[in-house]
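Peer 1: One file is attached below, input.cif, containing mmCIF, C-alpha atoms.
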```cif
data_data
#
loop_
_atom_site.label_atom_id
_atom_site.label_comp_id
_atom_site.auth_asym_id
_atom_site.auth_seq_id
_atom_site.Cartn_x
_atom_site.Cartn_y
_atom_site.Cartn_z
CA MET G 1385 -20.62 2.85 11.39
CA GLY G 1386 -21.66 6.52 11.08
CA VAL G 1387 -21.16 8.86 8.14
CA SER G 1388 -17.63 8.74 6.71
CA THR G 1389 -15.84 10.15 3.68
CA ALA G 1390 -13.40 7.20 3.66
CA ALA G 1391 -13.27 4.92 0.63
CA ILE G 1392 -12.75 1.97 2.98
CA GLU G 1393 -13.41 1.94 6.71
CA VAL G 1394 -12.63 -1.00 8.99
CA ARG G 1395 -13.42 -1.20 12.70
CA GLY G 1396 -12.73 -3.98 15.21
CA LEU G 1397 -12.15 -6.61 12.53
CA TRP G 1398 -11.40 -10.17 13.64
CA LYS G 1399 -10.87 -13.38 11.72
CA ILE G 1400 -10.36 -16.47 13.84
CA PHE G 1401 -10.03 -19.91 12.30
CA GLY G 1402 -11.01 -22.89 14.42
CA PRO G 1403 -13.78 -24.29 16.63
CA LYS G 1404 -16.12 -21.87 18.43
CA ALA G 1405 -14.08 -18.95 17.12
CA ASP G 1406 -16.68 -16.32 18.03
CA ARG G 1407 -16.40 -17.20 21.73
CA ILE G 1408 -12.77 -16.07 21.86
CA ILE G 1409 -13.49 -12.41 21.09
CA GLY G 1410 -13.96 -10.49 24.32
CA SER G 1411 -12.62 -13.32 26.44
CA PRO G 1412 -9.21 -13.48 28.18
CA ASP G 1413 -8.10 -15.91 25.46
CA ALA G 1414 -8.15 -13.07 22.92
CA ASP G 1415 -5.03 -11.64 24.55
CA LEU G 1416 -3.00 -14.84 24.25
CA ASP G 1417 -0.08 -14.93 21.85
CA PRO G 1418 -0.65 -17.04 18.70
CA ALA G 1419 1.10 -20.18 19.96
CA ALA G 1420 -0.67 -20.09 23.34
CA LEU G 1421 -4.06 -19.51 21.68
CA ARG G 1422 -3.59 -22.49 19.37
CA ALA G 1423 -2.44 -24.70 22.24
CA LYS G 1424 -5.37 -23.77 24.46
CA THR G 1425 -8.26 -23.47 21.98
CA GLY G 1426 -7.12 -24.98 18.68
CA CYS G 1427 -7.86 -21.61 17.05
CA THR G 1428 -5.72 -19.21 15.03
CA ALA G 1429 -6.42 -15.48 15.18
CA ALA G 1430 -5.34 -14.41 11.70
CA VAL G 1431 -6.72 -10.87 12.08
CA ARG G 1432 -6.91 -9.31 15.54
CA ASP G 1433 -9.06 -6.26 16.25
CA VAL G 1434 -7.91 -4.36 13.16
CA GLY G 1435 -9.11 -0.88 12.32
CA PHE G 1436 -8.08 1.63 9.65
CA GLU G 1437 -9.41 3.98 6.99
CA VAL G 1438 -8.36 4.36 3.36
CA ARG G 1439 -8.93 7.75 1.79
CA PRO G 1440 -10.47 8.11 -1.68
CA GLY G 1441 -7.74 7.90 -4.31
CA GLU G 1442 -5.09 6.77 -1.81
CA VAL G 1443 -2.52 3.99 -2.25
CA PHE G 1444 -2.67 2.24 1.13
CA VAL G 1445 -0.12 -0.52 1.68
CA VAL G 1446 -0.48 -3.34 4.21
CA MET G 1447 2.87 -4.89 4.95
CA GLY G 1448 4.00 -7.77 7.09
CA LEU G 1449 5.97 -10.98 7.19
CA SER G 1450 4.51 -14.31 6.12
CA GLY G 1451 1.76 -15.30 8.55
CA SER G 1452 1.12 -11.75 9.77
CA GLY G 1453 -2.48 -11.82 8.52
CA LYS G 1454 -2.23 -9.33 5.66
CA SER G 1455 -3.64 -11.58 2.91
CA THR G 1456 -6.48 -12.75 5.17
CA LEU G 1457 -7.24 -9.11 5.94
CA VAL G 1458 -7.56 -8.07 2.29
CA ARG G 1459 -9.81 -11.05 1.55
CA CYS G 1460 -12.05 -10.10 4.45
CA LEU G 1461 -12.70 -6.69 2.87
CA THR G 1462 -14.99 -8.22 0.23
CA ARG G 1463 -15.85 -11.30 2.31
CA LEU G 1464 -13.94 -13.74 0.16
CA ILE G 1465 -13.06 -14.84 3.67
CA GLU G 1466 -15.93 -14.29 6.10
CA PRO G 1467 -14.86 -12.16 9.09
CA THR G 1468 -15.56 -13.44 12.58
CA ALA G 1469 -16.45 -9.99 13.91
CA GLY G 1470 -16.11 -6.31 13.12
CA GLU G 1471 -17.31 -3.69 10.67
CA ILE G 1472 -16.33 -3.04 7.06
CA ALA G 1473 -17.63 -0.23 4.87
CA ILE G 1474 -16.66 0.38 1.24
CA GLY G 1475 -17.92 3.61 -0.27
CA GLY G 1476 -20.04 4.07 2.84
CA ARG G 1477 -21.87 0.75 2.35
CA ASP G 1478 -21.91 -1.91 5.06
CA VAL G 1479 -20.14 -4.93 3.55
CA ARG G 1480 -20.91 -7.33 6.38
CA GLY G 1481 -24.63 -6.55 6.07
CA MET G 1482 -24.73 -7.29 2.35
CA SER G 1483 -26.81 -10.10 0.91
CA ALA G 1484 -25.26 -12.61 -1.50
CA GLY G 1485 -26.59 -10.59 -4.44
CA GLN G 1486 -25.21 -7.34 -3.08
CA LEU G 1487 -21.83 -8.97 -2.56
CA ARG G 1488 -21.79 -10.15 -6.17
CA GLU G 1489 -22.57 -6.60 -7.29
CA LEU G 1490 -19.74 -5.27 -5.09
CA ARG G 1491 -17.20 -7.71 -6.52
CA ARG G 1492 -18.32 -7.36 -10.13
CA HIS G 1493 -18.72 -3.59 -10.36
CA ARG G 1494 -17.06 -1.71 -7.52
CA VAL G 1495 -14.05 -3.65 -6.24
CA SER G 1496 -11.49 -5.53 -8.33
CA MET G 1497 -8.72 -7.76 -7.05
CA VAL G 1498 -5.28 -8.56 -8.50
CA PHE G 1499 -3.66 -11.71 -7.14
CA GLN G 1500 -0.11 -13.07 -7.12
CA HIS G 1501 -1.25 -15.90 -9.38
CA PHE G 1502 -2.72 -14.20 -12.38
CA GLY G 1503 -5.69 -16.58 -12.81
CA LEU G 1504 -5.89 -15.93 -16.54
CA LEU G 1505 -8.06 -18.19 -18.67
CA PRO G 1506 -5.51 -20.10 -20.82
CA HIS G 1507 -7.94 -20.97 -23.63
CA ARG G 1508 -9.03 -17.35 -24.12
CA ARG G 1509 -7.25 -14.57 -25.97
CA VAL G 1510 -5.84 -11.62 -24.05
CA ILE G 1511 -8.69 -9.36 -25.12
CA ASP G 1512 -11.27 -11.85 -23.83
CA ASN G 1513 -9.38 -12.23 -20.54
CA VAL G 1514 -9.41 -8.47 -20.06
CA ALA G 1515 -13.08 -8.25 -21.02
CA TYR G 1516 -14.13 -11.17 -18.80
CA GLY G 1517 -15.48 -9.04 -15.95
CA LEU G 1518 -17.58 -7.05 -18.41
CA GLU G 1519 -18.82 -10.30 -19.94
CA VAL G 1520 -19.95 -11.46 -16.51
CA GLN G 1521 -21.80 -8.13 -16.16
CA GLY G 1522 -23.65 -8.86 -19.42
CA VAL G 1523 -21.98 -6.12 -21.48
CA GLN G 1524 -22.37 -6.58 -25.25
CA LYS G 1525 -19.32 -8.07 -26.98
CA GLY G 1526 -18.44 -5.09 -29.18
CA VAL G 1527 -18.62 -2.71 -26.22
CA ARG G 1528 -16.56 -4.86 -23.89
CA HIS G 1529 -13.89 -5.48 -26.56
CA GLY G 1530 -13.69 -1.75 -27.19
CA THR G 1531 -13.14 -1.11 -23.49
CA ALA G 1532 -10.60 -3.94 -23.30
CA ARG G 1533 -8.58 -2.45 -26.16
CA GLU G 1534 -8.47 0.92 -24.42
CA ILE G 1535 -7.27 -0.65 -21.17
CA LEU G 1536 -4.68 -2.81 -22.94
CA SER G 1537 -3.27 0.33 -24.50
CA LEU G 1538 -3.23 1.95 -21.05
CA VAL G 1539 -1.11 -0.86 -19.58
CA GLY G 1540 1.25 -1.06 -22.56
CA LEU G 1541 -0.11 -4.21 -24.20
CA GLU G 1542 -1.45 -2.73 -27.42
CA GLY G 1543 -0.94 -5.25 -30.24
CA HIS G 1544 -1.26 -8.30 -27.97
CA GLU G 1545 -5.06 -8.51 -28.07
CA ASP G 1546 -5.12 -11.80 -29.96
CA SER G 1547 -2.28 -13.50 -28.07
CA TYR G 1548 -2.91 -16.28 -25.56
CA PRO G 1549 -1.56 -16.07 -22.00
CA GLU G 1550 1.05 -18.79 -22.53
CA GLN G 1551 2.60 -16.66 -25.29
CA LEU G 1552 3.32 -13.82 -22.85
CA SER G 1553 6.05 -13.31 -20.27
CA GLY G 1554 5.22 -13.27 -16.56
CA GLY G 1555 5.31 -9.48 -16.45
CA MET G 1556 3.02 -9.22 -19.46
CA GLN G 1557 0.61 -11.74 -17.94
CA GLN G 1558 0.45 -9.63 -14.80
CA ARG G 1559 -0.33 -6.60 -16.96
CA VAL G 1560 -3.23 -8.57 -18.40
CA GLY G 1561 -4.42 -9.27 -14.85
CA LEU G 1562 -4.12 -5.58 -14.03
CA ALA G 1563 -6.00 -4.63 -17.21
CA ARG G 1564 -8.77 -7.10 -16.35
CA ALA G 1565 -9.16 -5.47 -12.95
CA LEU G 1566 -9.27 -1.98 -14.46
CA ALA G 1567 -11.69 -2.86 -17.27
CA VAL G 1568 -14.77 -2.85 -15.02
CA ASP G 1569 -13.86 0.69 -13.82
CA PRO G 1570 -13.93 -0.22 -10.12
CA GLU G 1571 -13.93 2.25 -7.27
CA VAL G 1572 -11.30 0.21 -5.40
CA LEU G 1573 -8.42 -2.02 -6.50
CA LEU G 1574 -7.10 -4.66 -4.08
CA PHE G 1575 -3.63 -6.11 -4.77
CA ASP G 1576 -2.56 -9.26 -2.92
CA GLU G 1577 1.22 -9.54 -3.38
CA PRO G 1578 0.77 -9.37 -7.16
CA PHE G 1579 4.45 -9.07 -8.05
CA SER G 1580 6.13 -11.39 -5.55
CA ALA G 1581 6.57 -14.21 -8.10
CA LEU G 1582 8.16 -11.95 -10.73
CA ASP G 1583 11.85 -11.48 -11.42
CA PRO G 1584 13.33 -8.41 -9.67
CA LEU G 1585 13.65 -6.30 -12.82
CA ILE G 1586 10.13 -7.12 -13.99
CA ARG G 1587 8.86 -6.47 -10.48
CA ARG G 1588 10.45 -3.03 -10.49
CA ASP G 1589 8.84 -2.27 -13.84
CA MET G 1590 5.42 -3.36 -12.55
CA GLN G 1591 5.79 -1.18 -9.46
CA ALA G 1592 6.50 1.77 -11.73
CA GLU G 1593 3.46 0.78 -13.79
CA VAL G 1594 1.20 0.86 -10.74
CA ILE G 1595 2.52 4.32 -9.82
CA ARG G 1596 1.92 5.54 -13.37
CA LEU G 1597 -1.57 4.06 -13.56
CA HIS G 1598 -2.49 5.54 -10.20
CA ARG G 1599 -1.37 8.92 -11.45
CA GLU G 1600 -3.51 8.51 -14.58
CA VAL G 1601 -6.68 6.84 -13.25
CA GLY G 1602 -6.59 7.85 -9.56
CA LYS G 1603 -8.21 4.71 -8.17
CA THR G 1604 -8.23 3.88 -4.47
CA MET G 1605 -5.73 1.06 -4.02
CA VAL G 1606 -4.96 -1.33 -1.18
CA PHE G 1607 -1.67 -3.11 -1.82
CA ILE G 1608 -0.48 -6.14 0.16
CA THR G 1609 3.24 -6.89 0.29
CA HIS G 1610 5.94 -8.44 2.46
CA ASP G 1611 8.62 -6.30 0.84
CA LEU G 1612 9.57 -3.08 2.62
CA SER G 1613 11.15 -1.39 -0.39
CA GLU G 1614 7.97 -2.07 -2.37
CA ALA G 1615 5.85 -0.67 0.44
CA LEU G 1616 7.96 2.49 0.71
CA LYS G 1617 7.90 2.97 -3.06
CA LEU G 1618 4.14 2.55 -3.52
CA GLY G 1619 2.46 3.53 -0.28
CA GLU G 1620 1.14 6.97 0.57
CA ARG G 1621 0.50 5.37 3.95
CA ILE G 1622 1.62 1.97 5.22
CA ALA G 1623 0.12 -0.32 7.85
CA ILE G 1624 2.57 -2.77 9.38
CA MET G 1625 1.04 -6.01 10.67
CA ARG G 1626 2.35 -8.51 13.19
CA ASP G 1627 0.53 -11.60 14.48
CA GLY G 1628 -2.76 -10.42 12.98
CA ALA G 1629 -2.70 -6.91 14.48
CA ILE G 1630 -1.67 -3.57 13.03
CA VAL G 1631 1.39 -2.27 14.84
CA GLN G 1632 1.63 1.13 13.17
CA VAL G 1633 0.02 3.13 10.37
CA GLY G 1634 1.87 6.05 8.87
CA THR G 1635 3.54 7.62 5.88
CA PRO G 1636 6.87 6.13 4.82
CA GLU G 1637 8.51 9.13 6.46
CA GLU G 1638 6.68 8.57 9.75
CA LEU G 1639 7.54 4.86 9.86
CA VAL G 1640 11.22 5.49 9.14
CA GLY G 1641 11.52 8.62 11.27
CA ALA G 1642 9.38 7.64 14.26
CA PRO G 1643 8.84 3.87 14.45
CA ALA G 1644 6.18 2.94 17.02
CA ASP G 1645 8.18 0.13 18.61
CA ASP G 1646 11.25 -2.06 18.25
CA TYR G 1647 9.48 -4.33 15.75
CA VAL G 1648 8.90 -1.46 13.32
CA ALA G 1649 12.34 -0.02 14.04
CA ASP G 1650 13.90 -3.35 13.09
CA PHE G 1651 11.90 -3.37 9.84
CA VAL G 1652 13.20 0.04 8.76
CA ARG G 1653 16.68 -0.22 10.24
CA ASP G 1654 18.49 -0.50 6.90
CA VAL G 1655 16.44 2.06 5.01
CA PRO G 1656 18.61 4.94 3.70
CA ARG G 1657 16.94 7.65 5.75
CA ALA G 1658 18.25 10.55 3.69
CA GLN G 1659 16.19 9.22 0.77
CA VAL G 1660 12.99 8.94 2.83
CA LEU G 1661 13.08 11.67 5.47
CA SER G 1662 12.50 15.33 4.67
CA LEU G 1663 14.11 18.45 6.08
CA ARG G 1664 11.31 18.90 8.61
CA TRP G 1665 12.77 15.92 10.52
CA ILE G 1666 16.22 17.46 11.03
CA CYS G 1667 15.65 21.23 10.99
CA ARG G 1668 16.50 23.04 14.22
CA GLU G 1669 16.04 26.44 15.82
CA PRO G 1670 18.56 29.02 14.56
CA GLU G 1671 21.42 29.64 16.95
CA ALA G 1672 22.11 33.12 18.29
CA GLY G 1673 23.67 35.26 15.58
CA GLU G 1674 23.26 32.56 12.92
CA PRO G 1675 22.58 34.17 9.50
CA LEU G 1676 19.05 33.71 8.13
CA ASP G 1677 19.66 34.92 4.58
CA GLY G 1678 20.63 31.54 3.14
CA PRO G 1679 18.80 29.49 0.49
CA GLU G 1680 15.21 28.44 1.17
CA LEU G 1681 13.71 24.99 0.70
CA PRO G 1682 10.26 23.55 1.46
CA ALA G 1683 10.06 21.39 4.57
CA ASP G 1684 9.07 18.33 2.51
CA THR G 1685 12.33 18.38 0.50
CA LEU G 1686 14.16 15.09 0.96
CA ILE G 1687 17.41 15.34 2.90
CA HIS G 1688 19.22 13.68 -0.01
CA ASP G 1689 17.88 16.27 -2.48
CA SER G 1690 18.92 19.20 -0.32
CA VAL G 1691 22.62 18.31 -0.22
CA PRO G 1692 23.53 20.03 -3.56
CA VAL G 1693 21.85 23.25 -2.36
CA ALA G 1694 23.81 23.14 0.89
CA MET G 1695 27.07 22.58 -0.95
CA GLU G 1696 26.54 25.75 -3.01
CA SER G 1697 26.10 28.05 0.00
CA ALA G 1698 27.98 28.60 3.23
CA ARG G 1699 24.74 29.88 4.81
CA PRO G 1700 22.27 27.57 6.58
CA ILE G 1701 19.24 26.50 4.55
CA ARG G 1702 15.98 28.09 5.66
CA VAL G 1703 13.35 25.32 6.01
CA VAL G 1704 9.88 26.70 5.33
CA SER G 1705 6.28 25.57 5.18
CA GLY G 1706 4.41 28.13 3.13
CA ASP G 1707 5.36 31.47 4.64
CA ASP G 1708 6.40 29.96 7.98
CA LEU G 1709 10.03 29.39 8.93
CA LEU G 1710 10.25 25.99 10.65
CA GLY G 1711 13.98 26.12 11.28
CA VAL G 1712 17.36 25.83 9.60
CA VAL G 1713 19.82 23.11 8.58
CA ASP G 1714 23.47 23.54 7.77
CA ARG G 1715 26.09 21.33 6.18
CA VAL G 1716 26.95 19.68 9.49
CA ASP G 1717 23.29 18.76 10.04
CA LEU G 1718 23.05 17.28 6.56
CA LEU G 1719 26.31 15.36 6.80
CA ALA G 1720 25.12 13.82 10.06
CA ALA G 1721 21.87 12.84 8.34
CA VAL G 1722 23.42 11.27 5.23
CA GLY G 1723 26.58 9.87 6.82
CA PRO G 1724 27.31 6.14 7.25
CA ASP G 1725 26.08 6.16 10.85
CA ALA G 1726 22.72 7.78 10.04
CA THR G 1727 20.76 4.55 10.24
CA GLY G 1728 18.50 5.16 13.20
CA PRO G 1729 16.62 7.80 15.15
CA GLY G 1730 19.20 10.27 16.36
CA THR G 1731 20.51 9.51 19.79
CA GLY G 1732 24.17 9.84 18.92
CA SER G 1733 26.39 12.16 16.95
CA GLY G 1734 25.73 10.39 13.66
CA GLY G 1735 21.99 9.74 13.86
CA VAL G 1736 19.21 11.68 12.21
CA ARG G 1737 17.45 13.82 14.80
CA VAL G 1738 13.84 12.75 14.40
CA GLY G 1739 12.45 12.96 17.90
CA ALA G 1740 10.08 15.85 17.23
CA ALA G 1741 9.56 16.57 13.56
CA LYS G 1742 8.08 20.02 13.15
CA GLY G 1743 4.66 20.20 11.61
CA VAL G 1744 4.07 16.43 11.65
#
```
Please lay out the structure from this file as structure tokens.
Peer 2:
Amino acid sequence: MGVSTAAIEVRGLWKIFGPKADRIIGSPDADLDPAALRAKTGCTAAVRDVGFEVRPGEVFVVMGLSGSGKSTLVRCLTRLIEPTAGEIAIGGRDVRGMSAGQLRELRRHRVSMVFQHFGLLPHRRVIDNVAYGLEVQGVQKGVRHGTAREILSLVGLEGHEDSYPEQLSGGMQQRVGLARALAVDPEVLLFDEPFSALDPLIRRDMQAEVIRLHREVGKTMVFITHDLSEALKLGERIAIMRDGAIVQVGTPEELVGAPADDYVADFVRDVPRAQVLSLRWICREPEAGEPLDGPELPADTLIHDSVPVAMESARPIRVVSGDDLLGVVDRVDLLAAVGPDATGPGTGSGGVRVGAAKGV
């Protein structure tokens, strides 16, 4: 797989469940839709020719509906599920070529996983649950407990070291699971729908916790979810899956502003675009004689955040990237973008004009 600076690199990844699965890849059957493939071969293609890269320190979200293949995909990354074909590299190391011992080393030291079901050991105290990965590594008890205390403080569970899991709320239990994953100081954290069983308010708090922790520890994270708002909140980039394949990879702004097809467009249809899209998506060339001495805002300013500035000046806002003028927006442009009809790529008078975002 060549030299790469990616934290995770995936190429041509397939996972097919069923008899003689490897014979399907490269055959005409590989192009069949899921129902037709099952009817003809008895096989299910859970992951279909997937490829992507995750940058070091990035929060990369994989999103899709139930059955889209996202959970199978994340389990393939460390071969908890054995891929049928394809290439996977983590930190430049070939995962599919690893021996059983090398895989154990990968899972114990370099990659940690946080699941929807916390998997805490009920008969062990919180501190021992957090320190479990270090115990498996053979770290001396005093050292691992010291590390566990530091991590518990990091995730807001200081003072609960001697509690048992059943004494904690669901949100607190998930914090213990997160602390356990962080305790081994992994290069990569994999999250498989970790908050989907939590109450909405607790889920929101845990999302904020992940954002805070990422800001503090800077780990590479791959986050699996079926929830679009969660994906938009957490992801620096998002991959949308359908029927085992990736339909589009992009920033939240790119997915909302320029969906690749009707499937993605339907996903993001109800997203308040003014809170996702920036001025670069709606700025336009100045008209003849239009004043260019108005207020100045960076091109990555959200449309929503630029409204107060526009309301304070009768002059169009200058949209800039560094020293370059990308264009202007005036109050009419902004009202069209934040108005009740601004729910899709701009083809009418009320839509956000996103056909050719400047500088994207």
Peer 1: Between region 1450-1480 of chain G and region 1605-1608 of chain G, at 10 Å or less, what are the per-residue closest atom pairs and their distances in Å? Count all atoms listed in the file, order by chain and rising residue number, and return it as CSV.
Peer 2:
```
residue,atom,partner,partner_atom,distance
G:Lys1454,CA,G:Ile1608,CA,6.6
G:Ser1455,CA,G:Ile1608,CA,6.9
G:Leu1457,CA,G:Ile1608,CA,9.4
G:Val1458,CA,G:Ile1608,CA,7.6
```
Peer 1: Could you work out how far CA of Arg1657 (chain G) lies from CA of Ile1701 (chain G), giving the answer in Å with one decimal?
Peer 2: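 A separation of 19.0 Å between them.
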Peer 1: Give as a list in words every residue, naming chains and numbers as the document does, that has an atom within 10 Å of (16.6, 16.0, -1.9), counting only C-alpha atoms.
Peer 2: Ala1658, Gln1659, Val1660, Leu1661, Ser1662, Leu1663, Leu1681, Asp1684, Thr1685, Leu1686, Ile1687, His1688, Asp1689, Ser1690, Val1691, Pro1692 and Val1693 of chain G
Peer 1: Report as CSV: every residue of region 1571-1656 of chain G with an atom at most 12 Å from region 1408-1419 of chain G, its closest pair of atoms, and their distance in Å to one decimal, counting only C-alpha atoms, with rows sorted by chain and ascending residue number.
Peer 2:
```
residue,atom,partner,partner_atom,distance
G:Arg1626,CA,G:Pro1418,CA,10.6
G:Asp1627,CA,G:Pro1418,CA,7.0
G:Gly1628,CA,G:Pro1418,CA,9.0
G:Ala1629,CA,G:Pro1418,CA,11.2
```
Peer 1: Using only C-alpha atoms, which of G:Gly1441, G:Gly1453, G:Leu1505, G:Phe1401 sits nearest Gln1557 (chain G)?
Peer 2: G:Leu1505
Peer 1: List the residues selected by the PyMOL selection byres ((chain G and resi 1440) around 8) in the file shown, writing them as a list in words.
Peer 2: Thr1389, Ala1390, Ala1391, Val1438, Arg1439, Gly1441, Glu1442, Lys1603 and Thr1604 of chain G
Peer 1: Determine the nearest neighbour of Glu1545 (chain G) from the options G:His1493, G:Arg1509, G:Arg1528, G:Arg1599, counting only C-alpha atoms.
Peer 2: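 Closest residue, counting only C-alpha atoms: G:Arg1509.
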Peer 1: Suppose you want the space between CA of Ile1400 (chain G) and CA of Val1434 (chain G); what is it in Å?
Peer 2: 12.4 Å
Peer 1: Which protein, DNA or RNA residues have an atom at most 9 Å from (27.0, 29.6, 9.5), counting all atoms listed in the file? List them as a ChimeraX atom specification.
Peer 2: /G:1673-1675,1698-1700,1714-1715
Peer 1: Leaving out Ala1567 (chain G) and any residue of its chain fewer than 3 positions from it, which residues lie within 8 Å of it when counting all atoms listed in the file, given as a list in words?
Peer 2: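 My reading of the contact set: Val1514, Ala1515, Gly1517, Leu1518, Thr1531, Ala1532, Ile1535, Ala1563, Arg1564 and Pro1570 of chain G.
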Peer 1: As an exercise, work out the distance from CA of Gly1706 (chain G) to CA of Pro1682 (chain G) in Å and give it to one decimal place.
Peer 2: 7.6 Å
Peer 1: Running the PyMOL selection byres ((chain G and resi 1616-1622) around 10) on this model by hand, what would come out? Give it as a PDB file with C-alpha atoms, in the frame of the given file.
Peer 2:
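Generated file (selection.pdb):
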```pdb
ATOM      1  CA  VAL G1438      -8.360   4.360   3.360  1.00  0.00           C
ATOM      2  CA  ARG G1439      -8.930   7.750   1.790  1.00  0.00           C
ATOM      3  CA  GLU G1442      -5.090   6.770  -1.810  1.00  0.00           C
ATOM      4  CA  VAL G1443      -2.520   3.990  -2.250  1.00  0.00           C
ATOM      5  CA  PHE G1444      -2.670   2.240   1.130  1.00  0.00           C
ATOM      6  CA  VAL G1445      -0.120  -0.520   1.680  1.00  0.00           C
ATOM      7  CA  VAL G1446      -0.480  -3.340   4.210  1.00  0.00           C
ATOM      8  CA  MET G1447       2.870  -4.890   4.950  1.00  0.00           C
ATOM      9  CA  ARG G1588      10.450  -3.030 -10.490  1.00  0.00           C
ATOM     10  CA  GLN G1591       5.790  -1.180  -9.460  1.00  0.00           C
ATOM     11  CA  ALA G1592       6.500   1.770 -11.730  1.00  0.00           C
ATOM     12  CA  VAL G1594       1.200   0.860 -10.740  1.00  0.00           C
ATOM     13  CA  ILE G1595       2.520   4.320  -9.820  1.00  0.00           C
ATOM     14  CA  HIS G1598      -2.490   5.540 -10.200  1.00  0.00           C
ATOM     15  CA  MET G1605      -5.730   1.060  -4.020  1.00  0.00           C
ATOM     16  CA  VAL G1606      -4.960  -1.330  -1.180  1.00  0.00           C
ATOM     17  CA  PHE G1607      -1.670  -3.110  -1.820  1.00  0.00           C
ATOM     18  CA  ILE G1608      -0.480  -6.140   0.160  1.00  0.00           C
ATOM     19  CA  ASP G1611       8.620  -6.300   0.840  1.00  0.00           C
ATOM     20  CA  LEU G1612       9.570  -3.080   2.620  1.00  0.00           C
ATOM     21  CA  SER G1613      11.150  -1.390  -0.390  1.00  0.00           C
ATOM     22  CA  GLU G1614       7.970  -2.070  -2.370  1.00  0.00           C
ATOM     23  CA  ALA G1615       5.850  -0.670   0.440  1.00  0.00           C
ATOM     24  CA  ALA G1623       0.120  -0.320   7.850  1.00  0.00           C
ATOM     25  CA  ILE G1624       2.570  -2.770   9.380  1.00  0.00           C
ATOM     26  CA  MET G1625       1.040  -6.010  10.670  1.00  0.00           C
ATOM     27  CA  GLN G1632       1.630   1.130  13.170  1.00  0.00           C
ATOM     28  CA  VAL G1633       0.020   3.130  10.370  1.00  0.00           C
ATOM     29  CA  GLY G1634       1.870   6.050   8.870  1.00  0.00           C
ATOM     30  CA  THR G1635       3.540   7.620   5.880  1.00  0.00           C
ATOM     31  CA  PRO G1636       6.870   6.130   4.820  1.00  0.00           C
ATOM     32  CA  GLU G1637       8.510   9.130   6.460  1.00  0.00           C
ATOM     33  CA  GLU G1638       6.680   8.570   9.750  1.00  0.00           C
ATOM     34  CA  LEU G1639       7.540   4.860   9.860  1.00  0.00           C
ATOM     35  CA  VAL G1640      11.220   5.490   9.140  1.00  0.00           C
ATOM     36  CA  VAL G1652      13.200   0.040   8.760  1.00  0.00           C
ATOM     37  CA  VAL G1655      16.440   2.060   5.010  1.00  0.00           C
ATOM     38  CA  VAL G1660      12.990   8.940   2.830  1.00  0.00           C
TER      39      VAL G1660
END
```
Peer 1: Once the PyMOL selection byres ((chain G and resi 1490) around 12) is applied to the coordinates I shared, what remains selected? I want it as a ChimeraX atom specification.
Peer 2: /G:1461-1464,1473-1475,1477-1480,1482-1489,1491-1497,1521,1568,1570-1573
Peer 1: So which one's closest to Leu1504 (chain G), G:Leu1541, G:Ala1565, G:Met1590, G:Val1703? Using all atoms listed in the file, please.
Peer 2: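 That would be G:Ala1565, the residue with the smallest distance to Leu1504 (chain G).
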Peer 1: So that I can check the surroundings of Asp1589 (chain G), please list as a CSV table (one decimal) with C-alpha atoms, in the frame of the given file every protein, DNA and RNA residue that reaches within 12 Å of it, counting only C-alpha atoms and ignoring chain neighbours fewer than 3 positions away.
Peer 2:
```
chain,number,residue,atom,x,y,z
G,1539,VAL,CA,-1.1,-0.9,-19.6
G,1540,GLY,CA,1.2,-1.1,-22.6
G,1554,GLY,CA,5.2,-13.3,-16.6
G,1555,GLY,CA,5.3,-9.5,-16.4
G,1556,MET,CA,3.0,-9.2,-19.5
G,1558,GLN,CA,0.4,-9.6,-14.8
G,1559,ARG,CA,-0.3,-6.6,-17.0
G,1579,PHE,CA,4.4,-9.1,-8.0
G,1582,LEU,CA,8.2,-12.0,-10.7
G,1583,ASP,CA,11.8,-11.5,-11.4
G,1584,PRO,CA,13.3,-8.4,-9.7
G,1585,LEU,CA,13.6,-6.3,-12.8
G,1586,ILE,CA,10.1,-7.1,-14.0
G,1592,ALA,CA,6.5,1.8,-11.7
G,1593,GLU,CA,3.5,0.8,-13.8
G,1594,VAL,CA,1.2,0.9,-10.7
G,1595,ILE,CA,2.5,4.3,-9.8
G,1596,ARG,CA,1.9,5.5,-13.4
G,1614,GLU,CA,8.0,-2.1,-2.4
```
Peer 1: Of the candidates G:Pro1506, G:Gly1711, G:Pro1643, G:Pro1403, which shows the shortest atom-to-atom distance to Arg1422 (chain G), using all atoms listed in the file?
Peer 2: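 Ranked by minimum distance to Arg1422 (chain G), first place goes to G:Pro1403.
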